[in-house]
>>> print(open('my_file20.txt').read())   # compact mmCIF, C-alpha atoms
# COMPACT_ATOMS: atom_id res chain seq x y z
CA MET A 1 -30.77 -4.91 -11.77
CA PRO A 2 -31.87 -5.16 -15.42
CA HIS A 3 -30.69 -2.42 -17.75
CA ARG A 4 -33.59 0.08 -17.89
CA ILE A 5 -34.71 1.20 -21.35
CA VAL A 6 -37.16 4.07 -21.66
CA VAL A 7 -38.91 4.42 -25.02
CA LEU A 8 -40.08 7.95 -25.80
CA ALA A 9 -43.48 7.85 -27.54
CA LEU A 10 -44.20 11.03 -29.51
CA ASP A 11 -47.46 12.01 -31.20
CA GLY A 12 -47.64 10.55 -34.69
CA LEU A 13 -45.47 7.59 -33.69
CA LEU A 14 -45.17 4.55 -35.93
CA LEU A 15 -46.59 1.58 -34.06
CA PHE A 16 -44.30 -0.97 -35.68
CA GLU A 17 -41.23 0.86 -34.49
CA LEU A 18 -42.68 1.47 -31.05
CA GLY A 19 -43.03 -2.28 -30.66
CA ILE A 20 -39.45 -3.15 -31.67
CA PRO A 21 -37.76 -2.32 -28.34
CA GLN A 22 -40.47 -4.14 -26.40
CA ARG A 23 -40.10 -7.24 -28.56
CA ILE A 24 -36.30 -7.39 -28.73
CA PHE A 25 -35.28 -6.24 -25.26
CA GLY A 26 -38.34 -7.63 -23.54
CA ARG A 27 -37.39 -11.08 -24.86
CA SER A 28 -33.72 -10.87 -23.80
CA PHE A 29 -32.88 -13.35 -21.06
CA GLY A 30 -29.68 -14.95 -19.84
CA VAL A 31 -28.93 -18.20 -21.67
CA GLU A 32 -26.02 -19.64 -19.66
CA SER A 33 -26.79 -22.26 -17.01
CA HIS A 34 -25.91 -19.86 -14.18
CA ASP A 35 -27.95 -17.06 -15.69
CA GLU A 36 -30.73 -18.78 -17.60
CA GLY A 37 -34.06 -17.02 -17.51
CA ARG A 38 -32.80 -13.84 -15.84
CA LYS A 39 -34.38 -10.76 -17.44
CA LEU A 40 -31.63 -8.57 -18.85
CA TYR A 41 -33.65 -5.44 -19.63
CA GLU A 42 -36.62 -3.56 -18.25
CA VAL A 43 -38.54 -1.65 -20.92
CA VAL A 44 -40.96 1.17 -20.14
CA THR A 45 -42.68 3.70 -22.40
CA CYS A 46 -43.15 7.36 -21.62
CA SER A 47 -44.62 10.49 -23.16
CA ILE A 48 -43.43 14.10 -23.09
CA ARG A 49 -46.67 14.95 -21.24
CA PRO A 50 -48.37 13.58 -18.13
CA PRO A 51 -49.77 10.05 -18.53
CA GLY A 52 -52.51 9.87 -21.12
CA PRO A 53 -53.26 9.37 -24.82
CA VAL A 54 -50.63 9.61 -27.56
CA ARG A 55 -51.60 9.83 -31.22
CA THR A 56 -50.24 7.22 -33.62
CA ASP A 57 -49.92 7.12 -37.40
CA SER A 58 -52.94 4.76 -37.42
CA ASP A 59 -56.63 5.42 -36.77
CA PHE A 60 -56.38 5.08 -33.00
CA THR A 61 -54.45 6.42 -30.03
CA ILE A 62 -52.55 4.59 -27.30
CA VAL A 63 -52.49 5.34 -23.59
CA VAL A 64 -48.99 5.85 -22.15
CA GLU A 65 -48.83 5.49 -18.38
CA ASN A 66 -45.54 7.31 -17.75
CA GLY A 67 -44.70 10.99 -18.11
CA PRO A 68 -41.31 12.49 -19.02
CA GLU A 69 -40.02 11.95 -15.48
CA ALA A 70 -39.37 8.31 -16.48
CA LEU A 71 -36.49 9.52 -18.65
CA ALA A 72 -34.54 10.33 -15.49
CA THR A 73 -34.47 6.59 -14.65
CA ALA A 74 -33.17 5.44 -18.03
CA ASP A 75 -29.91 3.66 -18.74
CA SER A 76 -30.83 3.87 -22.43
CA VAL A 77 -33.40 6.06 -24.20
CA ILE A 78 -34.90 4.92 -27.51
CA ILE A 79 -36.75 7.33 -29.80
CA PRO A 80 -38.88 5.62 -32.50
CA ALA A 81 -40.03 7.45 -35.62
CA SER A 82 -42.92 9.91 -35.67
CA ASN A 83 -44.85 11.55 -38.50
CA GLU A 84 -45.66 14.63 -36.39
CA LEU A 85 -42.31 16.14 -35.47
CA GLY A 86 -43.34 19.72 -36.29
CA PRO A 87 -40.50 22.25 -35.82
CA VAL A 88 -38.06 19.41 -35.18
CA ARG A 89 -38.55 18.33 -38.79
CA THR A 90 -39.03 21.75 -40.35
CA HIS A 91 -36.54 23.94 -38.46
CA GLY A 92 -34.32 21.48 -36.61
CA VAL A 93 -35.28 22.70 -33.13
CA LEU A 94 -36.92 20.99 -30.18
CA THR A 95 -40.35 22.06 -28.99
CA ASP A 96 -40.52 23.39 -25.44
CA GLU A 97 -42.13 20.12 -24.31
CA LEU A 98 -39.40 18.03 -25.89
CA ALA A 99 -36.64 20.23 -24.49
CA ALA A 100 -38.17 19.93 -21.02
CA ALA A 101 -38.37 16.15 -21.43
CA PHE A 102 -34.72 15.91 -22.53
CA ALA A 103 -33.69 17.83 -19.44
CA TYR A 104 -34.62 14.75 -17.38
CA ILE A 105 -32.07 12.56 -19.18
CA ARG A 106 -28.98 11.93 -17.08
CA PRO A 107 -25.48 12.52 -18.51
CA GLY A 108 -24.01 9.32 -19.89
CA THR A 109 -27.36 7.81 -20.82
CA ARG A 110 -27.17 5.80 -24.04
CA MET A 111 -29.26 7.44 -26.77
CA VAL A 112 -30.81 5.44 -29.62
CA SER A 113 -33.00 6.47 -32.54
CA ILE A 114 -35.01 4.40 -35.01
CA CYS A 115 -35.65 5.89 -38.46
CA THR A 116 -36.68 9.57 -38.24
CA GLY A 117 -36.25 9.52 -34.48
CA SER A 118 -32.78 10.72 -35.48
CA TYR A 119 -34.29 14.17 -36.13
CA VAL A 120 -34.99 14.48 -32.41
CA LEU A 121 -31.45 13.51 -31.43
CA ALA A 122 -30.02 15.95 -33.98
CA ALA A 123 -32.28 18.81 -32.88
CA ALA A 124 -31.13 18.18 -29.31
CA GLY A 125 -27.51 18.55 -30.45
CA ARG A 126 -26.68 14.93 -29.61
CA LEU A 127 -25.41 14.18 -33.14
CA ASP A 128 -23.23 17.24 -33.77
CA GLY A 129 -19.89 16.16 -35.20
CA ARG A 130 -20.88 12.50 -35.05
CA PRO A 131 -21.72 9.87 -37.68
CA ALA A 132 -25.42 9.04 -37.95
CA THR A 133 -27.96 7.57 -40.30
CA THR A 134 -31.69 7.78 -40.91
CA HIS A 135 -34.19 6.45 -43.44
CA TRP A 136 -32.67 6.80 -46.92
CA ALA A 137 -35.69 8.76 -48.19
CA PHE A 138 -34.98 11.58 -45.69
CA ALA A 139 -31.18 11.51 -45.70
CA ASP A 140 -30.70 14.54 -47.99
CA HIS A 141 -33.18 16.67 -46.05
CA PHE A 142 -31.67 15.51 -42.76
CA GLN A 143 -28.18 16.53 -43.88
CA GLU A 144 -29.36 19.96 -45.08
CA LEU A 145 -31.19 20.60 -41.82
CA PHE A 146 -28.32 19.39 -39.63
CA PRO A 147 -25.04 20.20 -41.44
CA LYS A 148 -22.95 19.38 -38.35
CA VAL A 149 -24.01 15.73 -38.51
CA ARG A 150 -21.92 13.31 -40.57
CA VAL A 151 -24.80 11.55 -42.33
CA ASP A 152 -24.27 8.15 -43.94
CA PRO A 153 -27.42 7.30 -45.91
CA ASP A 154 -26.24 3.88 -47.08
CA VAL A 155 -26.05 1.81 -43.89
CA LEU A 156 -28.54 -0.02 -41.69
CA PHE A 157 -27.31 1.48 -38.44
CA ILE A 158 -24.38 3.28 -36.85
CA ASP A 159 -22.95 2.55 -33.43
CA ASP A 160 -21.01 5.56 -32.16
CA GLY A 161 -20.63 4.37 -28.60
CA ASP A 162 -23.20 6.15 -26.45
CA VAL A 163 -25.26 7.31 -29.44
CA LEU A 164 -26.71 4.86 -31.97
CA THR A 165 -28.93 5.57 -34.99
CA SER A 166 -30.70 3.30 -37.46
CA ALA A 167 -32.39 3.50 -40.82
CA GLY A 168 -36.08 2.83 -41.27
CA VAL A 169 -38.37 0.17 -39.83
CA ALA A 170 -36.65 -3.25 -39.96
CA ALA A 171 -33.22 -1.67 -39.49
CA GLY A 172 -34.44 -0.81 -36.00
CA ILE A 173 -34.63 -4.55 -35.32
CA ASP A 174 -31.05 -4.93 -36.53
CA LEU A 175 -29.89 -2.11 -34.27
CA CYS A 176 -31.67 -3.46 -31.19
CA LEU A 177 -30.22 -6.93 -31.78
CA HIS A 178 -26.81 -5.31 -32.19
CA ILE A 179 -27.23 -3.62 -28.81
CA VAL A 180 -28.15 -6.93 -27.18
CA ARG A 181 -25.10 -8.51 -28.82
CA ARG A 182 -22.88 -5.65 -27.64
CA ASP A 183 -24.24 -5.85 -24.10
CA HIS A 184 -24.50 -9.60 -23.59
CA GLY A 185 -22.86 -11.42 -26.49
CA THR A 186 -23.82 -13.44 -29.52
CA ALA A 187 -25.59 -16.30 -27.75
CA VAL A 188 -28.20 -14.03 -26.15
CA ALA A 189 -28.75 -12.03 -29.35
CA ASN A 190 -29.15 -15.20 -31.41
CA ASP A 191 -31.64 -16.56 -28.89
CA VAL A 192 -33.73 -13.38 -29.20
CA ALA A 193 -33.51 -13.50 -33.00
CA ARG A 194 -34.69 -17.13 -33.08
CA HIS A 195 -37.73 -16.35 -30.96
CA THR A 196 -38.47 -13.25 -33.04
CA VAL A 197 -37.94 -15.22 -36.27
CA VAL A 198 -35.56 -12.68 -37.81
CA PRO A 199 -31.97 -12.99 -39.08
CA PRO A 200 -29.63 -12.95 -36.07
CA HIS A 201 -27.13 -10.55 -37.57
CA ARG A 202 -27.11 -8.01 -40.36
CA GLU A 203 -23.96 -5.94 -40.18
CA GLY A 204 -24.56 -2.22 -39.72
CA GLY A 205 -22.50 -1.36 -42.78
CA GLN A 206 -24.76 -3.35 -45.06
CA ALA A 207 -26.63 -1.24 -47.61
CA GLN A 208 -30.07 -0.21 -46.33
CA TYR A 209 -31.59 0.36 -49.74
CA ILE A 210 -31.13 -2.13 -52.55
CA ARG A 211 -33.10 -1.48 -55.72
CA ARG A 212 -33.92 -5.16 -56.25
CA PRO A 213 -33.78 -6.80 -52.82
CA VAL A 214 -36.06 -9.69 -53.81
CA PRO A 215 -35.29 -11.79 -56.91
CA GLN A 216 -37.97 -12.11 -59.54
CA PRO A 217 -39.90 -15.40 -59.43
CA ARG A 218 -37.86 -18.34 -60.79
CA SER A 219 -34.78 -16.15 -61.24
CA ALA A 220 -31.42 -17.40 -60.00
CA THR A 221 -30.39 -16.56 -56.44
CA THR A 222 -27.26 -16.96 -54.35
CA THR A 223 -28.93 -18.67 -51.39
CA THR A 224 -27.44 -22.09 -52.04
CA ALA A 225 -23.93 -20.66 -52.30
CA ARG A 226 -24.28 -18.82 -49.02
CA ALA A 227 -25.54 -21.91 -47.21
CA TRP A 228 -22.69 -23.93 -48.75
CA ALA A 229 -20.12 -21.38 -47.58
CA LEU A 230 -21.50 -21.22 -44.04
CA ASP A 231 -21.01 -24.99 -43.69
CA ARG A 232 -17.29 -24.73 -44.48
CA LEU A 233 -16.09 -21.42 -43.09
CA ASP A 234 -13.08 -23.21 -41.62
CA ARG A 235 -11.82 -24.01 -45.13
CA PRO A 236 -10.55 -21.84 -47.98
CA ILE A 237 -13.43 -20.55 -50.09
CA GLN A 238 -12.81 -18.99 -53.47
CA LEU A 239 -15.25 -16.81 -55.35
CA ARG A 240 -15.29 -19.30 -58.21
CA ASP A 241 -16.29 -22.05 -55.76
CA MET A 242 -19.33 -20.06 -54.61
CA ALA A 243 -20.28 -19.21 -58.20
CA GLN A 244 -20.11 -22.88 -59.15
CA GLN A 245 -22.70 -23.72 -56.50
CA GLU A 246 -25.19 -21.64 -58.48
CA SER A 247 -23.84 -22.63 -61.93
CA MET A 248 -23.06 -18.98 -62.65
CA SER A 249 -20.09 -17.16 -64.04
CA ILE A 250 -18.09 -15.24 -61.45
CA ARG A 251 -19.26 -11.94 -62.93
CA THR A 252 -22.96 -12.89 -62.86
CA PHE A 253 -22.70 -14.38 -59.39
CA THR A 254 -21.00 -11.27 -57.99
CA ARG A 255 -23.68 -9.02 -59.47
CA LYS A 256 -26.53 -11.20 -58.16
CA PHE A 257 -24.90 -11.43 -54.75
CA ARG A 258 -24.63 -7.64 -54.42
CA GLU A 259 -28.27 -7.23 -55.49
CA GLU A 260 -29.48 -9.67 -52.84
CA VAL A 261 -27.12 -9.02 -49.93
CA GLY A 262 -25.94 -5.46 -50.50
CA ILE A 263 -22.21 -6.22 -50.18
CA SER A 264 -19.65 -8.25 -52.14
CA PRO A 265 -19.14 -12.00 -51.55
CA GLY A 266 -15.70 -11.29 -50.10
CA GLN A 267 -17.06 -8.76 -47.60
CA TRP A 268 -19.86 -11.14 -46.65
CA LEU A 269 -17.41 -13.98 -46.02
CA VAL A 270 -15.31 -11.81 -43.72
CA LEU A 271 -18.42 -10.80 -41.74
CA GLN A 272 -19.49 -14.44 -41.35
CA ARG A 273 -16.02 -15.44 -40.20
CA VAL A 274 -15.90 -12.60 -37.69
CA GLU A 275 -19.28 -13.73 -36.37
CA ARG A 276 -18.04 -17.33 -36.08
CA ALA A 277 -14.92 -16.15 -34.26
CA ARG A 278 -17.05 -14.10 -31.85
CA GLN A 279 -19.15 -17.15 -31.00
CA LEU A 280 -16.05 -19.26 -30.37
CA LEU A 281 -14.37 -16.59 -28.26
CA GLU A 282 -17.48 -16.15 -26.14
CA SER A 283 -18.55 -19.76 -25.70
CA THR A 284 -15.37 -21.90 -25.79
CA ASP A 285 -11.89 -22.11 -24.29
CA LEU A 286 -10.28 -22.86 -27.64
CA SER A 287 -6.87 -21.31 -28.18
CA ILE A 288 -6.57 -18.24 -30.38
CA ASP A 289 -4.77 -20.41 -32.95
CA ARG A 290 -7.70 -22.84 -33.01
CA VAL A 291 -10.29 -20.06 -33.19
CA ALA A 292 -8.42 -18.57 -36.14
CA ARG A 293 -8.47 -21.93 -37.96
CA ASP A 294 -12.07 -22.80 -37.16
CA ALA A 295 -13.31 -19.36 -38.24
CA GLY A 296 -11.40 -19.59 -41.51
CA PHE A 297 -8.85 -16.85 -40.88
CA GLY A 298 -5.98 -19.33 -40.93
CA THR A 299 -3.54 -17.53 -38.67
CA PRO A 300 -3.81 -15.71 -35.34
CA THR A 301 -2.41 -12.60 -37.03
CA SER A 302 -5.24 -12.56 -39.58
CA LEU A 303 -7.79 -13.18 -36.82
CA ARG A 304 -6.43 -10.30 -34.74
CA GLN A 305 -6.48 -7.93 -37.71
CA HIS A 306 -10.10 -8.69 -38.58
CA ILE A 307 -11.41 -8.73 -35.01
CA GLN A 308 -9.62 -5.49 -34.25
CA ALA A 309 -11.02 -3.85 -37.40
CA SER A 310 -14.56 -5.08 -36.75
CA LEU A 311 -14.87 -4.89 -32.96
CA GLY A 312 -12.19 -2.38 -32.04
CA VAL A 313 -10.36 -4.72 -29.64
CA PRO A 314 -8.03 -7.76 -30.00
CA PRO A 315 -9.51 -11.27 -29.66
CA THR A 316 -8.05 -11.80 -26.17
CA VAL A 317 -9.57 -8.57 -24.89
CA TYR A 318 -12.94 -9.40 -26.46
CA ARG A 319 -12.93 -12.84 -24.81
CA ARG A 320 -11.86 -11.44 -21.45
CA THR A 321 -14.61 -8.81 -21.57
CA PHE A 322 -17.37 -11.36 -22.08
CA ARG A 323 -15.90 -13.78 -19.56
CA ALA A 324 -15.88 -10.95 -16.99
CA THR A 325 -19.51 -10.17 -17.85
CA ALA A 326 -20.46 -13.83 -17.40
CA ASP A 327 -18.63 -13.99 -14.05
CA ARG A 328 -20.44 -10.86 -12.79
CA GLN A 329 -23.80 -12.32 -13.85
CA ALA A 330 -22.95 -15.61 -12.14
CA GLY A 331 -22.19 -13.72 -8.93
>>> encode(input="my_file20.txt", output="structure tokens")
Amino acid sequence: MPHRIVVLALDGLLLFELGIPQRIFGRSFGVESHDEGRKLYEVVTCSIRPPGPVRTDSDFTIVVENGPEALATADSVIIPASNELGPVRTHGVLTDELAAAFAYIRPGTRMVSICTGSYVLAAAGRLDGRPATTHWAFADHFQELFPKVRVDPDVLFIDDGDVLTSAGVAAGIDLCLHIVRRDHGTAVANDVARHTVVPPHREGGQAQYIRRPVPQPRSATTTTARAWALDRLDRPIQLRDMAQQESMSIRTFTRKFREEVGISPGQWLVLQRVERARQLLESTDLSIDRVARDAGFGTPTSLRQHIQASLGVPPTVYRRTFRATADRQAG
């Protein structure tokens, strides 16, 4: 059976964010020959009231056909942002309707928030003692209202196992793609990203707010250097080599790179090599030595250290996990 995702639509919801789960998870299909075309998720939307209209942040309402009882069927619950959170936003407490709706959610259900949907999770006590993020503009208020939450205002999203939170708007796309990648691997997530025409992977630790994310017209960028590096990840790449691609000094290149990408060139290279290693571990039978070389880590020891730090498991365990998933899907 497909993994069932229930999206909780609250009055004042932001339509863009409501549509993210439908677009990402609704477009997730198996891509292997034995699994191609199989729908991996079922997405439904519910309200905290009986079926009927729900106000949006625009000049119209939407009709939601499921009441809160749908939450009892969820494998994952996603809460998009709302501009009408009332006492949740002002006093950090759930309304009676919200509390009654949350009572339907089964223990062990994966909980996900997009942007200020994190206020609802925090008011329900689901973020106490845990790391979480929200839109940078509300991070200080969020931390004051919920002092038990370990707020990180500088990241796109945080995966804390069964509870995941994201920053505003587009970061919700990044988080949903991350969930697809976590559930079904890189190939499926990349397929969804291609059809959605968005970058396939922005690491959760990347800065969510960069003061100058878009270069001024005709100003120098680091795009060419990044494309050059991606074509030769299996070879040694020095910072000076990347800077030379843009005819910049190392200092200027590093500053420009941080402005555009949000992390240092060295951090970016490691993330790209981890992503390459993941793809090879999932889709090939190459030895660990060969994966280490092709991903640019050089040695199996270096590969193990980086995969363990990034994914929390050694390369062999990561490969075995996805092979087991593929075998189950084939059966």
>>> atom_distance(input="my_file20.txt", atom1="atom CA of Met1 of chain A", atom2="atom CA of Ala189 of chain A")
19.1 Å
>>> closest_residue(input="my_file20.txt", among="A:Arg126, A:Arg293, A:His184, A:His178", to="Tyr41 of chain A", atoms="all atoms listed in the file")
A:His184
>>> closest_residue(input="my_file20.txt", among="A:Val6, A:Val54, A:Ala225, A:Val261", to="Ser247 of chain A", atoms="only C-alpha atoms")
A:Ala225
>>> closest_residue(input="my_file20.txt", among="A:Thr109, A:Thr95, A:Ser287, A:Gln22", to="Gly161 of chain A", atoms="all atoms listed in the file")
A:Thr109
>>> closest_residue(input="my_file20.txt", among="A:Arg110, A:Arg320, A:Arg150, A:Arg232", to="Ala122 of chain A", atoms="all atoms listed in the file")
A:Arg150
>>> closest_residue(input="my_file20.txt", among="A:Asp59, A:Asp154, A:Asp294, A:Asp11", to="Cys46 of chain A", atoms="only C-alpha atoms")
A:Asp11
>>> atom_distance(input="my_file20.txt", atom1="atom CA of Ala9 of chain A", atom2="atom CA of Ser47 of chain A")
5.2 Å
>>> build_atoms(input="my_file20.txt", residues="segment 79-109 of chain A", atoms="N, CA and C atoms", output="mmCIF file, in the coordinates of the input")
data_model
loop_
_atom_site.group_PDB
_atom_site.id
_atom_site.type_symbol
_atom_site.label_atom_id
_atom_site.label_comp_id
_atom_site.auth_asym_id
_atom_site.auth_seq_id
_atom_site.Cartn_x
_atom_site.Cartn_y
_atom_site.Cartn_z
ATOM 1 N N ILE A 79 -35.768 6.429 -29.184
ATOM 2 C CA ILE A 79 -36.750 7.330 -29.800
ATOM 3 C C ILE A 79 -37.179 6.735 -31.142
ATOM 4 N N PRO A 80 -38.374 6.132 -31.218
ATOM 5 C CA PRO A 80 -38.880 5.620 -32.500
ATOM 6 C C PRO A 80 -39.317 6.780 -33.408
ATOM 7 N N ALA A 81 -39.630 6.449 -34.642
ATOM 8 C CA ALA A 81 -40.030 7.450 -35.620
ATOM 9 C C ALA A 81 -41.404 8.031 -35.302
ATOM 10 N N SER A 82 -41.626 9.241 -35.784
ATOM 11 C CA SER A 82 -42.920 9.910 -35.670
ATOM 12 C C SER A 82 -43.188 10.685 -36.951
ATOM 13 N N ASN A 83 -44.456 10.753 -37.328
ATOM 14 C CA ASN A 83 -44.850 11.550 -38.500
ATOM 15 C C ASN A 83 -45.307 12.952 -38.125
ATOM 16 N N GLU A 84 -45.193 13.309 -36.830
ATOM 17 C CA GLU A 84 -45.660 14.630 -36.390
ATOM 18 C C GLU A 84 -44.564 15.327 -35.573
ATOM 19 N N LEU A 85 -43.429 15.540 -36.201
ATOM 20 C CA LEU A 85 -42.310 16.140 -35.470
ATOM 21 C C LEU A 85 -42.310 17.662 -35.500
ATOM 22 N N GLY A 86 -43.187 18.264 -36.293
ATOM 23 C CA GLY A 86 -43.340 19.720 -36.290
ATOM 24 C C GLY A 86 -42.044 20.460 -36.509
ATOM 25 N N PRO A 87 -41.714 21.430 -35.627
ATOM 26 C CA PRO A 87 -40.500 22.250 -35.820
ATOM 27 C C PRO A 87 -39.215 21.434 -35.756
ATOM 28 N N VAL A 88 -39.253 20.265 -35.163
ATOM 29 C CA VAL A 88 -38.060 19.410 -35.180
ATOM 30 C C VAL A 88 -37.725 19.046 -36.616
ATOM 31 N N ARG A 89 -38.743 18.748 -37.399
ATOM 32 C CA ARG A 89 -38.550 18.330 -38.790
ATOM 33 C C ARG A 89 -38.402 19.513 -39.732
ATOM 34 N N THR A 90 -39.051 20.627 -39.422
ATOM 35 C CA THR A 90 -39.030 21.750 -40.350
ATOM 36 C C THR A 90 -37.887 22.738 -40.087
ATOM 37 N N HIS A 91 -37.544 22.940 -38.810
ATOM 38 C CA HIS A 91 -36.540 23.940 -38.460
ATOM 39 C C HIS A 91 -35.362 23.377 -37.659
ATOM 40 N N GLY A 92 -35.430 22.089 -37.324
ATOM 41 C CA GLY A 92 -34.320 21.480 -36.610
ATOM 42 C C GLY A 92 -34.188 21.917 -35.163
ATOM 43 N N VAL A 93 -35.314 22.267 -34.530
ATOM 44 C CA VAL A 93 -35.280 22.700 -33.130
ATOM 45 C C VAL A 93 -36.304 21.911 -32.325
ATOM 46 N N LEU A 94 -35.995 21.695 -31.058
ATOM 47 C CA LEU A 94 -36.920 20.990 -30.180
ATOM 48 C C LEU A 94 -38.075 21.904 -29.777
ATOM 49 N N THR A 95 -39.248 21.321 -29.599
ATOM 50 C CA THR A 95 -40.350 22.060 -28.990
ATOM 51 C C THR A 95 -40.033 22.259 -27.514
ATOM 52 N N ASP A 96 -40.740 23.159 -26.872
ATOM 53 C CA ASP A 96 -40.520 23.390 -25.440
ATOM 54 C C ASP A 96 -40.768 22.114 -24.630
ATOM 55 N N GLU A 97 -41.818 21.354 -25.026
ATOM 56 C CA GLU A 97 -42.130 20.120 -24.310
ATOM 57 C C GLU A 97 -40.998 19.099 -24.455
ATOM 58 N N LEU A 98 -40.481 18.977 -25.670
ATOM 59 C CA LEU A 98 -39.400 18.030 -25.890
ATOM 60 C C LEU A 98 -38.129 18.442 -25.144
ATOM 61 N N ALA A 99 -37.828 19.734 -25.191
ATOM 62 C CA ALA A 99 -36.640 20.230 -24.490
ATOM 63 C C ALA A 99 -36.758 19.958 -22.990
ATOM 64 N N ALA A 100 -37.959 20.179 -22.448
ATOM 65 C CA ALA A 100 -38.170 19.930 -21.020
ATOM 66 C C ALA A 100 -38.022 18.437 -20.708
ATOM 67 N N ALA A 101 -38.502 17.584 -21.632
ATOM 68 C CA ALA A 101 -38.370 16.150 -21.430
ATOM 69 C C ALA A 101 -36.902 15.730 -21.465
ATOM 70 N N PHE A 102 -36.139 16.261 -22.411
ATOM 71 C CA PHE A 102 -34.720 15.910 -22.530
ATOM 72 C C PHE A 102 -33.930 16.336 -21.300
ATOM 73 N N ALA A 103 -34.401 17.358 -20.628
ATOM 74 C CA ALA A 103 -33.690 17.830 -19.440
ATOM 75 C C ALA A 103 -33.670 16.774 -18.326
ATOM 76 N N TYR A 104 -34.592 15.814 -18.379
ATOM 77 C CA TYR A 104 -34.620 14.750 -17.380
ATOM 78 C C TYR A 104 -33.527 13.711 -17.619
ATOM 79 N N ILE A 105 -33.008 13.631 -18.827
ATOM 80 C CA ILE A 105 -32.070 12.560 -19.180
ATOM 81 C C ILE A 105 -30.720 12.799 -18.515
ATOM 82 N N ARG A 106 -30.227 11.799 -17.804
ATOM 83 C CA ARG A 106 -28.980 11.930 -17.080
ATOM 84 C C ARG A 106 -27.776 11.901 -18.030
ATOM 85 N N PRO A 107 -26.706 12.615 -17.715
ATOM 86 C CA PRO A 107 -25.480 12.520 -18.510
ATOM 87 C C PRO A 107 -24.982 11.089 -18.566
ATOM 88 N N GLY A 108 -24.513 10.672 -19.739
ATOM 89 C CA GLY A 108 -24.010 9.320 -19.890
ATOM 90 C C GLY A 108 -25.051 8.306 -20.313
ATOM 91 N N THR A 109 -26.310 8.721 -20.375
ATOM 92 C CA THR A 109 -27.360 7.810 -20.820
ATOM 93 C C THR A 109 -27.170 7.471 -22.289
#
